[in-house]
Amino acid sequence: MNDRSETAISTRGVTRDFPAGQDIITVLHGIDLDIRAGELTFLVGESGSGKTTLISIMCGILWPTLGDVKVFGTDIYDLTDTELVNFRLQNIGFIFQQYNLIPSIDAAANAAVPLIAQGMKVDQARERAKLLLDKLNILDQADKLPSQLSGGQQQRVAIARALVHEPRLVVCDEPTAALDAKSGRRVMDLLREVGVAEDRSVIIVTHDNRIFDLADRILVLEDGRITHDGTEMPADH
Amino acid sequence: MLWIAIRMLTGDTTKFYGLLFGIAFSTLLITQQLTIFLNLLNLGAAGVYNNGNGEVFVMDSVSVTADVTYPMPATALDRVRSVEGVEWAVPQLRSAAAVRTIQGDLEQVVIVGVDDSTFIGMPRRLIEGNNTVLAQPDTVIIDDVGSTRMFPGLDPVGQQLELNDQRAVVRGIADTIPGFASTAVLYTTYSRALRYVPGTRNRLSLIVASPVDGISPAELVSRIENQTGLKAETREEFTDAGIQYIIDNTGIPFNFGITVALGFIVGVAIVGLTFSLFIRDNIKQFGALKAIGVTNGAIKHMVAAQAAMVGLIGYGLGLVGTIGSLYAFSSNPFFKGFFIPWQVPLISLAAVIIILVLTALIALRSVLNTEPAAVFR
């Protein structure tokens with residue numbers, strides 16, 4: 001951890017309610033949190049603890065009911081819709097649990113999607129994506145469709161897509177859930193290698209206890225509240 | 001992003017071909033049926049089109065079309081000729097008759113008697129022979145479509161017919177547009193037609209006239225009606241009357257209307273269902289794109305590009321199918337002269353656009369309503 005690192009994400013009093021029939025359920029209760037750049041942060045919690053809601057709010061795809069969220073100093077919910085979408089495109093990379101690759105375009109094109117969305121020409125974007133696929137050791141799979149790739153290879157394409165536009169924040173949802181222990185650790189090594197830097201941060205939502213030792217910081221969420229903040233998992237978990 | 005949109009569409013081959021089939025089938029059904037409908041209506045005016053000359057047609061006040069006439073007395077011709085502004089006016093007799101061919105077959109025909117001296121009332125072009133053969137005894141000139149029906153595989157010229165118990169010899173073939181009933185038409189002189197078609201005291205079906213220079217057909221029509229009490233129409237009015245008669249007295253508009261409507265409904269159903277399935281299958285990918293930072297505007301453009309591509313290719317295929325089907329039927333004499341009016345492809349294009357806009361809007365709703373946060377669930 002570097003004390004001089006800037007704050008990647010800062011949340012103040014983040015609360016989120018969801019309607020449930022006649023009732024209102026509060027999923028997050030006034031979360032105050034600072035996540036520094038240069039860290040690999042794990043967000044851990046049981047199902048229904050609110051971690052997906054918190055991660056969605058932190059990366060600007062779900063509005064909080066109350067509270068402020070700053071990502072690298074930008075109060076993202078003060079932005080207009082278009083500005084927020086553009087902010088995500090420029091600054092945030094996503095790795096989804098289901099990968100959500102586009103089935104009819106090859107691995108290189110899938111990895112290049114954020115660059116294409118930014119307006120780069122397809123050929124140019126594919127070439128840039130291939131550099132990252134090379135780094136992830138799947139350049140030889142660049143011209144294959146997702147259906148022709150193994151689960152691990154698809155995961156790497158998803159990682160390449162999250163990193164290709166060099167975002168400052170990478171958000172991963174259960175990146176190792178579908179992988180064996182060895183592959184899971186390799187993916188985490190890759191994420192640390194290519195995603196974590198002095199001015200970048202990676203947040204991982206997980207409940208995979210096989211990889212807890214790889215975290216720089218672990219946040220435990222229970223019933224919508226942060227109950228633990230440290231470099232290791234608490235003994236009672 | 002349009003590149004991705006097109007690849008998403010073409011990558012799902014089953015749905016892509018399903019969408020193309022839906023649009024092509026709708027286009028084919030709408031274009032082909034509208035084309036046949038309009039050409040069928042046009043056949044109602046064949047009697048006018050096949051009259052090579054004359055800008056004004058005069059008839060009894062109750063007559064409706066060239067084929068639905070109430071005979072006038074012979075003196076009507078003199079009354080019309082006496083109207084100032086008439087350059088010439090000639091008689092025409094149109095009547096049904098029964099014919100026995102040399103092979104012994106019975107055929108219903110239409111006899112058209114044209115002016116004995118000028119042959120005005122004959123079609124513009126003959127395929128075989130010329131109008132002067134009408135001066136020879138017992139001569140009739142048969143229309144080309146009718147000749148293929150009456151003399152299949154034979155040369156009609158020189159063939160003898162028994163026409164109401166009298167001899168007739170075919171000495172020419174006229175290039176005509178077939179009538180609505182596809183009955184063979186035998187052209188002969190007016191005086192000979194009177195002999196071939198015995199009937200009532202009044203036999204004059206139509207008077208074909210032309211105005212002198214400086215007088216419009218519409219003005220001459222007005223003068224003739226005012227001075228003779230007969231009904232007169234310009235060539236355009238008489239053409240429209242023939243078409244309107246078909247519309248008013250047959251179930252054709254209703255039947256073709258149902259087919260065209262079915263084409264539209266089938267298009268909406270197939271394309272709507274397939275497009276909705278395509279969007280539903282890709283909803284996670286669209287959600288991921290939205291999370292990554294693709295704007296709703298860009299998503300709309302993607303769906304529009306997909307719809308446009310399907311529409312363009314499907315419409316083209318449908319149009320080619322229509323042309324192909326008309327070409328395939330072109331050897332059938334009944335379809336002689338059939339063409340695709342320029343308005344028809346525009347109408348089917350408009351229908352395709354409506355189908356695609358409707359279905360794309362429905363499909364787009366689910367994409368736009370998808371929250372990006374859904375991809376984490």
# chains A, B, ... in the order shown; residues from 1 in each chain; ligands from 1
$ interface_residues --of "chain B" --to "chain A" --cutoff "12 Å" --atoms "only C-alpha atoms" --output "ChimeraX atom specification"
/B:1-13,281-299,302,370-377
$ select_by_dssp --residues "segment 160-211 of chain A" --states "helix (DSSP H, G or I)" --output "number ranges by chain"
A: 160-163, 181-195, 209-211
$ write_last_selection --atoms "N, CA and C atoms" --output "PDB file, in the first residue's frame"
ATOM      1  N   ALA A 160      -9.247  -8.654 -20.918  1.00  0.00           N
ATOM      2  CA  ALA A 160      -8.680  -7.769 -21.942  1.00  0.00           C
ATOM      3  C   ALA A 160      -9.660  -6.647 -22.284  1.00  0.00           C
ATOM      4  N   ARG A 161     -10.932  -6.988 -22.380  1.00  0.00           N
ATOM      5  CA  ARG A 161     -11.950  -5.957 -22.678  1.00  0.00           C
ATOM      6  C   ARG A 161     -12.008  -4.911 -21.558  1.00  0.00           C
ATOM      7  N   ALA A 162     -11.826  -5.373 -20.321  1.00  0.00           N
ATOM      8  CA  ALA A 162     -11.904  -4.432 -19.197  1.00  0.00           C
ATOM      9  C   ALA A 162     -10.696  -3.502 -19.140  1.00  0.00           C
ATOM     10  N   LEU A 163      -9.584  -3.942 -19.732  1.00  0.00           N
ATOM     11  CA  LEU A 163      -8.343  -3.174 -19.568  1.00  0.00           C
ATOM     12  C   LEU A 163      -7.884  -2.457 -20.835  1.00  0.00           C
ATOM     13  N   ALA A 181      -8.997 -23.658  -8.712  1.00  0.00           N
ATOM     14  CA  ALA A 181      -8.148 -22.848  -7.833  1.00  0.00           C
ATOM     15  C   ALA A 181      -6.930 -22.305  -8.571  1.00  0.00           C
ATOM     16  N   LYS A 182      -6.292 -23.175  -9.384  1.00  0.00           N
ATOM     17  CA  LYS A 182      -5.059 -22.765 -10.066  1.00  0.00           C
ATOM     18  C   LYS A 182      -5.353 -21.653 -11.078  1.00  0.00           C
ATOM     19  N   SER A 183      -6.408 -21.872 -11.882  1.00  0.00           N
ATOM     20  CA  SER A 183      -6.772 -20.863 -12.894  1.00  0.00           C
ATOM     21  C   SER A 183      -7.192 -19.566 -12.210  1.00  0.00           C
ATOM     22  N   GLY A 184      -7.904 -19.709 -11.096  1.00  0.00           N
ATOM     23  CA  GLY A 184      -8.367 -18.529 -10.365  1.00  0.00           C
ATOM     24  C   GLY A 184      -7.197 -17.683  -9.897  1.00  0.00           C
ATOM     25  N   ARG A 185      -6.181 -18.305  -9.358  1.00  0.00           N
ATOM     26  CA  ARG A 185      -5.016 -17.552  -8.875  1.00  0.00           C
ATOM     27  C   ARG A 185      -4.287 -16.904 -10.046  1.00  0.00           C
ATOM     28  N   ARG A 186      -4.265 -17.644 -11.202  1.00  0.00           N
ATOM     29  CA  ARG A 186      -3.583 -17.072 -12.375  1.00  0.00           C
ATOM     30  C   ARG A 186      -4.321 -15.804 -12.847  1.00  0.00           C
ATOM     31  N   VAL A 187      -5.646 -15.874 -12.840  1.00  0.00           N
ATOM     32  CA  VAL A 187      -6.444 -14.706 -13.247  1.00  0.00           C
ATOM     33  C   VAL A 187      -6.168 -13.535 -12.304  1.00  0.00           C
ATOM     34  N   MET A 188      -6.087 -13.833 -11.003  1.00  0.00           N
ATOM     35  CA  MET A 188      -5.839 -12.760 -10.028  1.00  0.00           C
ATOM     36  C   MET A 188      -4.455 -12.148 -10.243  1.00  0.00           C
ATOM     37  N   ASP A 189      -3.468 -13.013 -10.541  1.00  0.00           N
ATOM     38  CA  ASP A 189      -2.128 -12.499 -10.827  1.00  0.00           C
ATOM     39  C   ASP A 189      -2.150 -11.556 -12.027  1.00  0.00           C
ATOM     40  N   LEU A 190      -2.898 -11.994 -13.037  1.00  0.00           N
ATOM     41  CA  LEU A 190      -3.010 -11.169 -14.245  1.00  0.00           C
ATOM     42  C   LEU A 190      -3.640  -9.818 -13.929  1.00  0.00           C
ATOM     43  N   LEU A 191      -4.725  -9.875 -13.138  1.00  0.00           N
ATOM     44  CA  LEU A 191      -5.414  -8.628 -12.803  1.00  0.00           C
ATOM     45  C   LEU A 191      -4.484  -7.690 -12.038  1.00  0.00           C
ATOM     46  N   ARG A 192      -3.730  -8.265 -11.116  1.00  0.00           N
ATOM     47  CA  ARG A 192      -2.798  -7.420 -10.358  1.00  0.00           C
ATOM     48  C   ARG A 192      -1.745  -6.839 -11.294  1.00  0.00           C
ATOM     49  N   GLU A 193      -1.271  -7.692 -12.203  1.00  0.00           N
ATOM     50  CA  GLU A 193      -0.175  -7.276 -13.078  1.00  0.00           C
ATOM     51  C   GLU A 193      -0.590  -6.152 -14.026  1.00  0.00           C
ATOM     52  N   VAL A 194      -1.771  -6.347 -14.633  1.00  0.00           N
ATOM     53  CA  VAL A 194      -2.153  -5.366 -15.658  1.00  0.00           C
ATOM     54  C   VAL A 194      -3.142  -4.318 -15.157  1.00  0.00           C
ATOM     55  N   GLY A 195      -3.781  -4.558 -14.033  1.00  0.00           N
ATOM     56  CA  GLY A 195      -4.825  -3.629 -13.600  1.00  0.00           C
ATOM     57  C   GLY A 195      -4.436  -2.713 -12.464  1.00  0.00           C
ATOM     58  N   ASN A 209     -13.091 -17.939  -1.046  1.00  0.00           N
ATOM     59  CA  ASN A 209     -12.070 -17.856   0.015  1.00  0.00           C
ATOM     60  C   ASN A 209     -10.701 -18.403  -0.420  1.00  0.00           C
ATOM     61  N   ARG A 210     -10.602 -19.001  -1.603  1.00  0.00           N
ATOM     62  CA  ARG A 210      -9.329 -19.527  -2.090  1.00  0.00           C
ATOM     63  C   ARG A 210      -8.379 -18.402  -2.481  1.00  0.00           C
ATOM     64  N   ILE A 211      -8.927 -17.206  -2.693  1.00  0.00           N
ATOM     65  CA  ILE A 211      -8.070 -16.121  -3.190  1.00  0.00           C
ATOM     66  C   ILE A 211      -7.978 -14.954  -2.218  1.00  0.00           C
TER      67      ILE A 211
END
$ atom_distance --atom1 "atom CA of Ser210 of chain B" --atom2 "atom CA of Gly85 of chain B"
8.6 Å
$ residues_around --residues "segment 242-251 of chain B" --least-positions-apart "3" --cutoff "8 Å" --atoms "only C-alpha atoms" --output "mmCIF file with C-alpha atoms, in the first residue's frame"
data_model
loop_
_atom_site.group_PDB
_atom_site.id
_atom_site.type_symbol
_atom_site.label_atom_id
_atom_site.label_comp_id
_atom_site.auth_asym_id
_atom_site.auth_seq_id
_atom_site.Cartn_x
_atom_site.Cartn_y
_atom_site.Cartn_z
ATOM 1 C CA LEU B 41 -58.094 -3.316 -63.016
ATOM 2 C CA ASN B 42 -56.345 -2.011 -66.097
ATOM 3 C CA LEU B 43 -57.882 -4.818 -68.126
ATOM 4 C CA GLY B 44 -61.250 -3.187 -67.514
ATOM 5 C CA ALA B 45 -60.130 -0.406 -69.843
ATOM 6 C CA VAL B 64 -70.861 2.563 -68.661
ATOM 7 C CA THR B 65 -67.797 1.107 -70.350
ATOM 8 C CA ALA B 66 -66.646 -0.043 -73.777
ATOM 9 C CA PHE B 238 -63.616 6.399 -70.417
ATOM 10 C CA THR B 239 -60.475 4.546 -69.261
ATOM 11 C CA PHE B 254 -61.602 -6.939 -51.398
ATOM 12 C CA ASN B 255 -59.832 -10.215 -52.171
#
$ atom_distance --atom1 "atom CA of Ser330 of chain B" --atom2 "atom CA of Leu29 of chain B"
17.9 Å
$ residues_around --residues "Val109 of chain B" --least-positions-apart "4" --cutoff "6 Å" --atoms "only C-alpha atoms" --output "count of residues only"
5
$ closest_residue --among "B:Ser61, B:Ser26, B:Thr322, B:Gln32" --to "Glu225 of chain B" --atoms "only C-alpha atoms"
B:Ser61
$ residues_around --residues "Ile23 of chain B" --least-positions-apart "6" --cutoff "10 Å" --atoms "only C-alpha atoms" --output "list in words"
Tyr17, Leu29, Gly263, Phe264, Val266, Gly267, Val268, Ile270, Val271, Val310, Gly311, Leu312, Ile313, Gly314, Tyr315, Gly316, Leu317, Gly318, Ala351, Val352, Ile353, Ile355 and Leu356 of chain B
$ select_by_dssp --residues "segment 171-333 of chain B" --states "strand (DSSP E or B)" --output "list in words"
Arg171, Gly172, Ile173, Ala174, Ala184, Val185, Leu186, Tyr187, Thr188, Thr189, Leu204, Leu206, Ile207, Val208, Ala209, Ser210, Pro211, Lys231, Ala232, Glu233 and Thr234 of chain B
$ write_last_selection --atoms "N, CA and C atoms" --output "mmCIF file, in the first residue's frame"
data_model
loop_
_atom_site.group_PDB
_atom_site.id
_atom_site.type_symbol
_atom_site.label_atom_id
_atom_site.label_comp_id
_atom_site.auth_asym_id
_atom_site.auth_seq_id
_atom_site.Cartn_x
_atom_site.Cartn_y
_atom_site.Cartn_z
ATOM 1 N N ARG B 171 -57.778 -13.048 -91.272
ATOM 2 C CA ARG B 171 -56.738 -12.614 -92.217
ATOM 3 C C ARG B 171 -55.708 -11.691 -91.558
ATOM 4 N N GLY B 172 -55.766 -11.605 -90.237
ATOM 5 C CA GLY B 172 -54.773 -10.763 -89.562
ATOM 6 C C GLY B 172 -54.823 -10.997 -88.055
ATOM 7 N N ILE B 173 -53.737 -10.602 -87.413
ATOM 8 C CA ILE B 173 -53.662 -10.734 -85.943
ATOM 9 C C ILE B 173 -53.310 -9.360 -85.366
ATOM 10 N N ALA B 174 -54.134 -8.908 -84.432
ATOM 11 C CA ALA B 174 -53.906 -7.584 -83.836
ATOM 12 C C ALA B 174 -53.141 -7.719 -82.526
ATOM 13 N N ALA B 184 -61.832 -13.865 -76.720
ATOM 14 C CA ALA B 184 -61.212 -13.511 -78.005
ATOM 15 C C ALA B 184 -62.005 -12.370 -78.660
ATOM 16 N N VAL B 185 -61.280 -11.472 -79.322
ATOM 17 C CA VAL B 185 -61.936 -10.330 -79.981
ATOM 18 C C VAL B 185 -61.715 -10.459 -81.482
ATOM 19 N N LEU B 186 -62.808 -10.347 -82.238
ATOM 20 C CA LEU B 186 -62.700 -10.382 -83.696
ATOM 21 C C LEU B 186 -63.042 -9.001 -84.231
ATOM 22 N N TYR B 187 -62.083 -8.388 -84.912
ATOM 23 C CA TYR B 187 -62.292 -7.060 -85.497
ATOM 24 C C TYR B 187 -62.732 -7.238 -86.944
ATOM 25 N N THR B 188 -63.744 -6.473 -87.302
ATOM 26 C CA THR B 188 -64.189 -6.500 -88.695
ATOM 27 C C THR B 188 -64.790 -5.125 -89.010
ATOM 28 N N THR B 189 -65.322 -4.990 -90.226
ATOM 29 C CA THR B 189 -65.908 -3.685 -90.541
ATOM 30 C C THR B 189 -67.289 -3.577 -89.882
ATOM 31 N N LEU B 204 -75.848 0.531 -82.673
ATOM 32 C CA LEU B 204 -74.623 1.346 -82.562
ATOM 33 C C LEU B 204 -74.175 1.414 -81.094
ATOM 34 N N LEU B 206 -70.960 2.488 -79.814
ATOM 35 C CA LEU B 206 -70.150 3.667 -79.481
ATOM 36 C C LEU B 206 -69.958 4.530 -80.703
ATOM 37 N N ILE B 207 -69.687 5.796 -80.457
ATOM 38 C CA ILE B 207 -69.209 6.660 -81.539
ATOM 39 C C ILE B 207 -67.849 7.177 -81.091
ATOM 40 N N VAL B 208 -66.878 6.953 -81.942
ATOM 41 C CA VAL B 208 -65.525 7.433 -81.612
ATOM 42 C C VAL B 208 -65.318 8.729 -82.388
ATOM 43 N N ALA B 209 -64.922 9.785 -81.680
ATOM 44 C CA ALA B 209 -64.829 11.097 -82.331
ATOM 45 C C ALA B 209 -63.529 11.780 -81.973
ATOM 46 N N SER B 210 -63.236 12.832 -82.747
ATOM 47 C CA SER B 210 -62.036 13.614 -82.465
ATOM 48 C C SER B 210 -62.354 15.085 -82.658
ATOM 49 N N PRO B 211 -61.818 15.969 -81.817
ATOM 50 C CA PRO B 211 -62.105 17.390 -81.968
ATOM 51 C C PRO B 211 -61.215 18.040 -83.025
ATOM 52 N N LYS B 231 -74.306 10.629 -73.876
ATOM 53 C CA LYS B 231 -73.224 10.690 -72.889
ATOM 54 C C LYS B 231 -71.893 10.665 -73.642
ATOM 55 N N ALA B 232 -70.997 11.551 -73.291
ATOM 56 C CA ALA B 232 -69.690 11.576 -73.949
ATOM 57 C C ALA B 232 -68.597 11.637 -72.890
ATOM 58 N N GLU B 233 -67.480 10.993 -73.189
ATOM 59 C CA GLU B 233 -66.354 11.011 -72.251
ATOM 60 C C GLU B 233 -65.046 11.132 -73.019
ATOM 61 N N THR B 234 -64.083 11.785 -72.378
ATOM 62 C CA THR B 234 -62.752 11.832 -72.993
ATOM 63 C C THR B 234 -62.126 10.448 -72.850
#
$ residues_around --residues "Ile203 of chain A" --least-positions-apart "2" --cutoff "9 Å" --atoms "only C-alpha atoms" --output "list in words"
Ile35, Glu39, Leu40, Thr41, Phe42, Leu43, Ile55, Leu169, Val170, Val171, Cys172, Asp173, Ser201 and Val205 of chain A
$ write_last_selection --atoms "N, CA and C atoms" --output "PDB file, in the first residue's frame"
ATOM      1  N   ILE A  35     -11.447   4.119  -1.046  1.00  0.00           N
ATOM      2  CA  ILE A  35     -10.615   3.078  -1.662  1.00  0.00           C
ATOM      3  C   ILE A  35      -9.488   3.781  -2.403  1.00  0.00           C
ATOM      4  N   GLU A  39      -4.365  -0.288  -5.170  1.00  0.00           N
ATOM      5  CA  GLU A  39      -4.770  -1.395  -4.303  1.00  0.00           C
ATOM      6  C   GLU A  39      -5.649  -2.395  -5.055  1.00  0.00           C
ATOM      7  N   LEU A  40      -5.509  -3.652  -4.631  1.00  0.00           N
ATOM      8  CA  LEU A  40      -6.438  -4.688  -5.080  1.00  0.00           C
ATOM      9  C   LEU A  40      -7.393  -4.920  -3.909  1.00  0.00           C
ATOM     10  N   THR A  41      -8.607  -4.399  -4.065  1.00  0.00           N
ATOM     11  CA  THR A  41      -9.550  -4.425  -2.955  1.00  0.00           C
ATOM     12  C   THR A  41     -10.614  -5.491  -3.181  1.00  0.00           C
ATOM     13  N   PHE A  42     -10.842  -6.297  -2.175  1.00  0.00           N
ATOM     14  CA  PHE A  42     -11.895  -7.309  -2.253  1.00  0.00           C
ATOM     15  C   PHE A  42     -13.118  -6.826  -1.478  1.00  0.00           C
ATOM     16  N   LEU A  43     -14.267  -7.001  -2.080  1.00  0.00           N
ATOM     17  CA  LEU A  43     -15.524  -6.713  -1.403  1.00  0.00           C
ATOM     18  C   LEU A  43     -16.193  -8.064  -1.166  1.00  0.00           C
ATOM     19  N   ILE A  55     -21.229  -2.192  -5.379  1.00  0.00           N
ATOM     20  CA  ILE A  55     -20.300  -2.111  -6.521  1.00  0.00           C
ATOM     21  C   ILE A  55     -20.968  -1.392  -7.702  1.00  0.00           C
ATOM     22  N   LEU A 169     -10.170   2.567 -13.110  1.00  0.00           N
ATOM     23  CA  LEU A 169     -10.832   1.693 -12.134  1.00  0.00           C
ATOM     24  C   LEU A 169     -11.339   0.437 -12.856  1.00  0.00           C
ATOM     25  N   VAL A 170     -11.000  -0.729 -12.300  1.00  0.00           N
ATOM     26  CA  VAL A 170     -11.517  -1.974 -12.875  1.00  0.00           C
ATOM     27  C   VAL A 170     -12.399  -2.645 -11.827  1.00  0.00           C
ATOM     28  N   VAL A 171     -13.594  -3.004 -12.241  1.00  0.00           N
ATOM     29  CA  VAL A 171     -14.561  -3.623 -11.332  1.00  0.00           C
ATOM     30  C   VAL A 171     -14.820  -5.053 -11.807  1.00  0.00           C
ATOM     31  N   CYS A 172     -14.616  -6.008 -10.913  1.00  0.00           N
ATOM     32  CA  CYS A 172     -14.792  -7.415 -11.304  1.00  0.00           C
ATOM     33  C   CYS A 172     -15.850  -8.063 -10.420  1.00  0.00           C
ATOM     34  N   ASP A 173     -16.727  -8.797 -11.071  1.00  0.00           N
ATOM     35  CA  ASP A 173     -17.770  -9.490 -10.324  1.00  0.00           C
ATOM     36  C   ASP A 173     -17.461 -10.984 -10.351  1.00  0.00           C
ATOM     37  N   SER A 201      -6.938   1.360  -9.783  1.00  0.00           N
ATOM     38  CA  SER A 201      -7.422   0.520  -8.705  1.00  0.00           C
ATOM     39  C   SER A 201      -8.289  -0.613  -9.267  1.00  0.00           C
ATOM     40  N   VAL A 205     -15.492  -8.124  -6.394  1.00  0.00           N
ATOM     41  CA  VAL A 205     -16.561  -8.679  -5.566  1.00  0.00           C
ATOM     42  C   VAL A 205     -16.405 -10.193  -5.594  1.00  0.00           C
TER      43      VAL A 205
END
$ residues_around --residues "Glu236 of chain B" --least-positions-apart "4" --cutoff "12 Å" --atoms "only C-alpha atoms" --output "PyMOL selection string"
chain B and resi 45+48-49+54-57+217-218+221+232+240-243
$ atom_distance --atom1 "atom CA of Arg156 of chain A" --atom2 "atom CA of Ile138 of chain A"
7.7 Å
$ closest_residue --among "A:Ile31, A:Ile218, A:Val14, A:Leu54" --to "Leu66 of chain A" --atoms "only C-alpha atoms"
A:Val14
$ closest_residue --among "A:Ala108, A:Leu214, A:Ala177, A:Ala129" --to "Gly151 of chain A" --atoms "only C-alpha atoms"
A:Ala177
